[in-house]
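Reviewing the structure listed below.
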Amino acid sequence: MDIDTLVRGLVNGSLYALVAVSFNILYRPTNVFNFAQGELVMLGAMVFASASTLMGLPWIGALAVALVAVGILGLIEERIAVAPVLAKSQHNTGWVITTLAVSLIISNLVGRVWGPDPIMVEPPPLLSTQTLDWTGIQINSYQIALIIVTFVMVLAIERVYRTRHGKAVLATAEDREAALLRGIDPAKLSRWSFFLGGAFAGLTGVLAAPILYASTALGPSLLLKGFAAAAVGSIGNNRGALIAGYLIGLTEAIGASVLSPGYQEAVIFVLVLTLLLLKPHGLFGRPFTRTV
Amino acid sequence: MADKLLSVETVDVGYGHVGVIENLSLAVPKGAVVALVGRNGAGKSTLLRAVSGLLTPSKGRIVFDGRDIGRAKPHAIVDAGLLHVAEGRRLFRSQTVDDNLELGAYGTSLSKADFAGRVERVHELFPILKEKRHDLAGALSGGQQQMLAIAQAMMRDPKLLMLDEPSLGLSPLLVDQVFAAILSLRGSGTTILLVEQLVERALEIADAAYVMQNGRVIANGPAAEIAKSEALKTAYMAV
């Protein structure tokens with residue numbers, strides 16, 4: 001094992017952590033796991049690739065297009081696939097099927113529109129995916145930026161939950177009925193969370209694209225590992241998701257280098273299963289502890 | 001009688017097909033304290049849940065401040081100035097006392113100064129909430145939680161405050177504090193609908209009272225008369 005393995009682990013771990021945080025954003029006010037989350041990430045990469053390479057928009061413009069487009073799609077998903085299910089009963093779990101259906105629809109449509117070939121995506125100006133040999137470590141400036149941006153984004157999202165609307169989301173997650181009696185409208189928070197969570201997934205896709213390429217294969221792999229990071233980090237806990245994302249990314253990279261790349265998936269899921277058997281609510285406890 | 005602030009008119013309420021309340025009418029005049037008494041299971045909490053929009057009546061009207069709120073959403077009813085402090089001190093336990101007070105004002109467009117004024121007012125009424133402002137609500141004692149729950153509702157300066165069993169599970173000393181708080185609210189002109197198991201104490205501070213049994217009102221009138229009435233005995237003795 002060498003230092004390069006660690007770099008690869010940190011880079012992939014950043015992406016898993018971001019996907020896990022986008023899961024949490026939707027989960028908090030609704031208790032819904034969005035199984036289309038991976039496809040929203042993928043769509044973010046595809047829209048960005050088209051906006052920047054085909055339409056020739058500058059990096060920041062293409063980013064804005066991708067965030068708004070995927071955010072709106074998240075909102076549409078909430079309106080047609082989640083809100084009607086929860087309107088019947090708050091404990092209805094029909095969203096498992098409806099969000100999975102949304103995932104399949106997006107995946108199929110994207111496959112038809114964009115085709116199966118991966119699209120190469122350039123990193124933003126001033127950054128490069130050309131590897132530097134920096135005191136013996138093989139790393140490029142884009143990888144460094146990605147790791148920094150991941151930390152900044154997770155902290156920024158945590159700041160959102162310190163605002164009054166953010167506190168209302170946490171209140172709804174803790175006691176929905178008490179929230180209703182204090183004038184909080186969970187339906188509105190749910191819509192905003194799907195928009196924000198969608199945009200965050202889109203951002204993750206844009207950030208992943210220069211490393212993994214934009215292709216329909218992006219969704220399923222990020223969905224599974226991002227979900228694993230959310231579960232290990234305790235659902236709803238964003239700092240937990242950050243740590244768990246790196247744990248999974250590093251385990252994957254080390255497993256691939258010590259054993260063989262063929263085993264890397266197996267190594268991750270052995271780790272995840274073991275951790276969840278020992279700590280069923282993840283490493284960082286229940287998302288909301290109740291004292292009575 | 002003065003203007004009615006809340007009027008419940010021939011209302012039926014239930015859970016699914018199970019009826020709990022039948023043909024119930026009740027009025028709360030502006031500025032009054034109205035007590036609602038009766039044994040467990042008489043339908044008192046169900047009535048409050050219907051008024052605050054958690055349940056929808058299958059028949060009848062609920063008029064608050066001149067508006068039919070029978071089918072309104074809970075947040076819209078809160079915005080209209082009707083606050084319900086539910087049984088069991090339903091707070092946001094994993095957030096601090098200050099955050100709970102802030103959430104009490106969620107969705108209002110109070111200026112910073114007005115918000116601070118409201119906080120100051122509840123701190124005057126319940127000084128312990130100032131002392132424990134950075135503690136988690138879940139770490140407070142039962143009595144302190146009850147005070148926080150009332151304080152949270154007061155952050156909106158409600159026209160009508162519905163209190164469901166505020167003394168439940170509290171020690172006698174804390175019960176005194178909670179009743180002192182209700183008296184102080186009454187003094188400041190807040191209209192109150194009080195559901196309380198400590199019937200005598202509730203009737204002492206109330207202007208009017210309703211006695212419920214099996215989902216119906218079996219007596220109503222001035223609190224002093226109800227305190228001496230046969231109906232009250234029937235409601236608590238009958239099986």
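Ordering of the structure tokens sets the chain letters (A, B, ...), residue numbers begin anew at 1 in every chain, and ligands are numbered from 1 in the order given.
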
At a cut-off of 12 Å, can you tabulate as a tab-separated table every residue of chain A near chain B together with its closest atom pair and the distance in Å to one decimal, using only C-alpha atoms and ordering rows by chain then number?
residue	atom	partner	partner_atom	distance
A:Tyr161	CA	B:Gln95	CA	11.4
A:Arg162	CA	B:Asp99	CA	9.3
A:Thr163	CA	B:Asp99	CA	9.9
A:Arg164	CA	B:Leu103	CA	7.0
A:His165	CA	B:Tyr106	CA	7.8
A:Gly166	CA	B:Leu103	CA	10.2
A:Lys167	CA	B:Leu103	CA	7.3
A:Ala168	CA	B:Leu103	CA	6.6
A:Val169	CA	B:Leu103	CA	10.4
A:Leu170	CA	B:Phe92	CA	8.5
A:Ala171	CA	B:Phe92	CA	5.7
A:Thr172	CA	B:Phe92	CA	8.7
A:Ala173	CA	B:Phe92	CA	9.5
A:Glu174	CA	B:Phe92	CA	6.6
A:Asp175	CA	B:Phe92	CA	6.9
A:Arg176	CA	B:Phe92	CA	9.8
A:Glu177	CA	B:Leu54	CA	8.0
A:Ala178	CA	B:Arg90	CA	5.7
A:Ala179	CA	B:Phe92	CA	8.4
A:Leu180	CA	B:Pro74	CA	5.8
A:Leu181	CA	B:His84	CA	6.3
A:Arg182	CA	B:Gly104	CA	6.0
A:Gly183	CA	B:His75	CA	4.0
A:Ile184	CA	B:His75	CA	5.8
A:Asp185	CA	B:His75	CA	5.8
A:Pro186	CA	B:His75	CA	9.2
A:Ala187	CA	B:His75	CA	10.5
A:Lys188	CA	B:His75	CA	10.8
A:Leu189	CA	B:Gly107	CA	11.9
A:Arg286	CA	B:Ser94	CA	11.4
A:Pro287	CA	B:Ser94	CA	9.7
A:Phe288	CA	B:Ser94	CA	6.6
A:Thr289	CA	B:Ser94	CA	6.9
A:Arg290	CA	B:Arg93	CA	6.8
A:Thr291	CA	B:Gly138	CA	5.7
A:Val292	CA	B:Gly138	CA	7.4

Long-range neighbours of Ile97 in chain A as a list of chain:residue names, 12 Å cut-off, only C-alpha atoms, 4 positions minimum in chain =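 My reading of the contact set: A:Val32, A:Phe33, A:Asn34, A:Phe35, A:Ala36, A:Ala81, A:Val82, A:Val85, A:Asn92, A:Thr93, A:Ala101, A:Val102, A:Ser103, A:Leu104.
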
message = Taking 6 positions as the minimum chain separation for residues in the same chain, which residues sit within 8 Å of Tyr246 in chain A when counting only C-alpha atoms? Answer as JSON, numbers by chain.
response = {"A": [9, 10, 12, 13, 14, 16, 17]}

ask   = Which of range 117-271 of chain A counts as strand (DSSP E or B) under DSSP, as a list in words please?
value = Ile119, Leu132, Asp133, Trp134, Ile137, Gln138, Ile139 and Ala214 of chain A

Limited to C-alpha atoms, could you put the picked residues into a file as a compact mmCIF listing (two decimals), in the first residue's frame?
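The file below, part22.txt, is the result:
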# COMPACT_ATOMS: atom_id res chain seq x y z
CA ILE A 119 -18.61 11.86 -21.75
CA LEU A 132 1.56 16.33 -10.16
CA ASP A 133 4.33 14.59 -8.39
CA TRP A 134 4.28 16.53 -5.15
CA ILE A 137 2.61 11.86 -3.72
CA GLN A 138 0.70 11.47 -6.96
CA ILE A 139 -2.11 13.96 -6.65
CA ALA A 214 -20.40 11.46 -17.03

key: Selected residue, from B:Glu225, B:Ile62, B:Ala113, B:Arg121, that lies nearest to Ser184 in chain B when counting only C-alpha atoms   =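 Of B:Glu225, B:Ile62, B:Ala113, B:Arg121, the one nearest Ser184 in chain B is B:Arg121, counting only C-alpha atoms.
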
Show me, as a short mmCIF file (atom, residue, chain, number, x, y, z; two decimals) with C-alpha atoms, in the first residue's frame, the residues that have an atom within 9 Å of range 55-59 of chain A when counting only C-alpha atoms, minus same-chain residues fewer than 6 positions from it.
data_model
loop_
_atom_site.label_atom_id
_atom_site.label_comp_id
_atom_site.auth_asym_id
_atom_site.auth_seq_id
_atom_site.Cartn_x
_atom_site.Cartn_y
_atom_site.Cartn_z
CA PHE A 48 -23.37 19.70 -16.81
CA GLU A 122 -13.09 19.14 -18.02
CA PRO A 123 -12.37 20.40 -14.51
CA PRO A 124 -13.07 24.08 -13.80
CA PRO A 125 -10.52 26.69 -14.91
#

key: Nearby residues (only C-alpha atoms) at most 12 Å from Thr234 in chain B, same-chain spacing under 3 positions excluded, as a VMD selection string   = chain B and resid 38 to 39 211 to 214 218 to 219 226 228 to 231 237 to 239

task = Select from range 70-233 of chain B everything DSSP, run on the backbone, classes as alpha helix (DSSP H), then give the selection as an MDAnalysis selection string.
result = chainID B and resid 74:79 97:104 112:125 128:131 142:154 172:187 199:205 223:228 230:233

request  = Name the residues in contact with Leu168 in chain B at a cut-off of 10 Å, using only C-alpha atoms, excluding same-chain residues fewer than 4 positions from it; report them as a PyMOL selection string.
outcome  = chain B and resi 87-89+142-143+146+164+175+196-198

note = Using only C-alpha atoms, the residue out of B:Ala116, B:Ala151, B:Ile128, B:Leu193 with shortest distance to Leu47 in chain B is B:Leu193

inquiry  = Between CA of Gly282 in chain A and CA of Phe227 in chain A, what is the distance in Å, rounded to a tenth?
reply    =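 About the pair CA of Gly282 in chain A and CA of Phe227 in chain A: they are 11.9 Å apart.
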
query = Which residues come within 8 Å of Asp207 in chain B, counting only C-alpha atoms, excluding same-chain residues fewer than 6 positions away, as a list in words?
reply =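 In the requested form, the answer reads Ala32, Val33, Val34, Ala35, Pro222, Ala223 and Ala224 of chain B.
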
Next, the residues of the selection above should be written as an mmCIF file, in the first residue's frame with N, CA and C atoms.
data_model
loop_
_atom_site.group_PDB
_atom_site.id
_atom_site.type_symbol
_atom_site.label_atom_id
_atom_site.label_comp_id
_atom_site.auth_asym_id
_atom_site.auth_seq_id
_atom_site.Cartn_x
_atom_site.Cartn_y
_atom_site.Cartn_z
ATOM 1 N N ALA B 32 -62.093 35.232 28.318
ATOM 2 C CA ALA B 32 -62.506 34.353 29.409
ATOM 3 C C ALA B 32 -61.545 33.185 29.577
ATOM 4 N N VAL B 33 -61.622 32.561 30.764
ATOM 5 C CA VAL B 33 -60.978 31.266 30.964
ATOM 6 C C VAL B 33 -62.099 30.241 31.064
ATOM 7 N N VAL B 34 -62.102 29.290 30.147
ATOM 8 C CA VAL B 34 -63.143 28.265 30.141
ATOM 9 C C VAL B 34 -62.491 26.933 30.466
ATOM 10 N N ALA B 35 -63.055 26.232 31.474
ATOM 11 C CA ALA B 35 -62.521 24.923 31.840
ATOM 12 C C ALA B 35 -63.358 23.841 31.177
ATOM 13 N N PRO B 222 -71.598 28.960 34.523
ATOM 14 C CA PRO B 222 -70.533 29.624 35.282
ATOM 15 C C PRO B 222 -69.778 28.614 36.140
ATOM 16 N N ALA B 223 -68.467 28.773 36.239
ATOM 17 C CA ALA B 223 -67.632 27.778 36.909
ATOM 18 C C ALA B 223 -68.076 27.515 38.346
ATOM 19 N N ALA B 224 -68.483 28.577 39.075
ATOM 20 C CA ALA B 224 -68.868 28.413 40.479
ATOM 21 C C ALA B 224 -70.105 27.518 40.596
#
